[in-house]
>>> print(open('structure_30.cif').read())   # mmCIF, C-alpha atoms
data_input
loop_
_atom_site.label_atom_id
_atom_site.label_comp_id
_atom_site.auth_asym_id
_atom_site.auth_seq_id
_atom_site.Cartn_x
_atom_site.Cartn_y
_atom_site.Cartn_z
CA ARG A 1 -20.05 6.44 95.09
CA VAL A 2 -20.46 9.61 97.07
CA GLU A 3 -23.03 11.97 95.58
CA GLY A 4 -23.26 15.65 96.49
CA HIS A 5 -26.45 17.71 96.22
CA THR A 6 -27.59 21.29 96.85
CA ASP A 7 -30.80 23.25 97.15
CA ASP A 8 -31.86 25.51 94.27
CA VAL A 9 -30.42 28.76 95.67
CA PRO A 10 -27.77 30.03 93.25
CA THR A 11 -24.30 30.42 94.70
CA ASP A 12 -22.48 33.74 94.67
CA PRO A 13 -20.48 33.63 91.41
CA LYS A 14 -17.77 35.69 93.13
CA GLY A 15 -17.58 33.20 96.02
CA PRO A 16 -15.61 29.98 96.28
CA PHE A 17 -18.26 28.03 94.33
CA PRO A 18 -19.29 29.62 91.01
CA SER A 19 -22.30 27.30 90.79
CA ASN A 20 -24.17 24.57 92.61
CA TRP A 21 -22.30 22.06 90.43
CA GLU A 22 -19.00 23.02 92.06
CA LEU A 23 -20.55 23.15 95.53
CA SER A 24 -22.13 19.70 95.24
CA THR A 25 -18.97 18.17 93.79
CA THR A 26 -16.87 19.70 96.57
CA ARG A 27 -19.25 18.20 99.14
CA ALA A 28 -18.83 14.77 97.60
CA LEU A 29 -15.05 15.10 97.36
CA ALA A 30 -14.80 16.14 101.02
CA VAL A 31 -16.53 12.90 102.04
CA VAL A 32 -14.39 10.82 99.66
CA LYS A 33 -11.26 12.31 101.25
CA LEU A 34 -12.61 11.61 104.73
CA LEU A 35 -13.33 7.99 103.81
CA GLN A 36 -9.82 7.63 102.39
CA ASP A 37 -8.38 9.09 105.60
CA LYS A 38 -10.38 6.47 107.52
CA GLY A 39 -8.85 3.66 105.47
CA VAL A 40 -11.24 3.06 102.57
CA ALA A 41 -9.21 2.17 99.48
CA ALA A 42 -9.22 5.00 96.93
CA GLU A 43 -9.95 2.64 94.04
CA ARG A 44 -13.25 1.74 95.71
CA LEU A 45 -14.46 5.35 95.79
CA SER A 46 -15.87 7.86 93.35
CA ALA A 47 -17.50 11.27 93.68
CA ALA A 48 -20.30 12.90 91.73
CA GLY A 49 -21.98 16.29 92.02
CA TYR A 50 -25.60 16.75 90.97
CA GLY A 51 -26.15 20.36 91.97
CA GLU A 52 -29.81 21.17 92.51
CA PHE A 53 -31.05 18.71 89.89
CA HIS A 54 -31.92 15.68 92.09
CA PRO A 55 -33.95 17.15 94.96
CA ILE A 56 -35.60 14.87 97.52
CA ALA A 57 -37.88 17.61 98.86
CA SER A 58 -39.49 20.80 97.68
CA ASN A 59 -37.22 23.82 97.63
CA LYS A 60 -40.21 26.02 98.53
CA SER A 61 -39.61 25.70 102.29
CA PRO A 62 -36.54 26.07 104.49
CA GLN A 63 -37.00 22.48 105.66
CA GLY A 64 -37.07 21.19 102.08
CA LYS A 65 -33.99 23.19 101.13
CA SER A 66 -32.20 21.79 104.16
CA LEU A 67 -33.02 18.22 103.08
CA ASN A 68 -31.71 18.91 99.58
CA ARG A 69 -28.31 20.10 100.87
CA ARG A 70 -26.85 16.65 101.38
CA ILE A 71 -24.51 13.90 100.35
CA GLU A 72 -25.58 10.33 99.64
CA ILE A 73 -23.38 7.27 99.75
CA VAL A 74 -24.38 4.69 97.16
CA LEU A 75 -23.10 1.15 97.71
CA ALA A 76 -22.72 -1.32 94.86
CA PRO A 77 -21.27 -4.82 94.48
CA GLU A 78 -17.50 -4.74 94.09
CA ASP A 79 -17.65 -5.87 90.45
CA GLN A 80 -19.74 -2.76 89.67
CA ALA A 81 -17.39 -0.32 91.39
CA PRO A 82 -16.00 2.61 89.41
CA GLY A 83 -13.03 1.67 87.27
CA VAL A 84 -13.55 -2.08 87.59
CA ARG A 85 -13.05 -3.82 84.29
CA PRO A 86 -15.24 -6.81 83.51
CA SER A 87 -13.55 -10.14 83.97
CA LYS A 88 -12.90 -12.22 80.88
CA ALA A 89 -15.52 -14.69 82.09
CA ALA A 90 -18.13 -11.90 82.20
CA ILE A 91 -17.32 -10.87 78.60
CA ARG A 92 -17.87 -14.31 77.16
#
>>> encode(input="structure_30.cif", output="structure tokens")
Amino acid sequence: RVEGHTDDVPTDPKGPFPSNWELSTTRALAVVKLLQDKGVAAERLSAAGYGEFHPIASNKSPQGKSLNRRIEIVLAPEDQAPGVRPSKAAIR
């Protein structure tokens, strides 16, 4: 899963990203597309945008804002990948 994040500065509603939700999702999708171009199977990927709602640093400083403008790649076991259906053995 590729997760996109932003700082807490509102985007320009007249710009290409009406909100930080769209900006963070676009960041995640750009990385998903890059990974696909590098040969990662599409069914093993997902993208999520969290906007400014999962900061890792304070947005009160330029350094903190910079840290919050990021993507994160979350790895999980294959059986927990997006879209994977539980096996019949796991249901029993």
>>> atom_distance(input="structure_30.cif", atom1="atom CA of Thr25 of chain A", atom2="atom CA of Asp37 of chain A")
18.3 Å
>>> atom_distance(input="structure_30.cif", atom1="atom CA of Glu43 of chain A", atom2="atom CA of Ser24 of chain A")
21.0 Å
>>> closest_residue(input="structure_30.cif", among="A:Ala57, A:Arg44, A:Pro77, A:Gly51", to="Pro10 of chain A", atoms="only C-alpha atoms")
A:Gly51
>>> atom_distance(input="structure_30.cif", atom1="atom CA of Asn20 of chain A", atom2="atom CA of Asp8 of chain A")
7.9 Å
>>> residues_around(input="structure_30.cif", residues="Val32 of chain A", least_positions_apart="3", cutoff="8 Å", atoms="all atoms listed in the file", output="VMD selection string")
chain A and resid 2 28 to 29 35 to 36 45 to 47
>>> closest_residue(input="structure_30.cif", among="A:Gly39, A:Gln80, A:Arg69, A:Ser61", to="Leu23 of chain A", atoms="all atoms listed in the file")
A:Arg69
>>> closest_residue(input="structure_30.cif", among="A:Asp12, A:Arg1, A:Lys33, A:Asp7", to="Lys65 of chain A", atoms="all atoms listed in the file")
A:Asp7
>>> closest_residue(input="structure_30.cif", among="A:Ala41, A:Ala76, A:Ile71, A:Ile56", to="Thr26 of chain A", atoms="all atoms listed in the file")
A:Ile71
>>> closest_residue(input="structure_30.cif", among="A:Ser19, A:Val40, A:Asn68, A:Val31", to="His5 of chain A", atoms="all atoms listed in the file")
A:Asn68
>>> resolve_selection(input="structure_30.cif", expression="the PyMOL selection byres ((chain A and resi 50) around 7)", output="list in words")
Gly4, His5, Trp21, Ser24, Ala48, Gly49, Gly51, Glu52, Phe53 and His54 of chain A
>>> closest_residue(input="structure_30.cif", among="A:Val74, A:Thr11, A:Glu3, A:Pro16", to="Ala30 of chain A", atoms="all atoms listed in the file")
A:Glu3
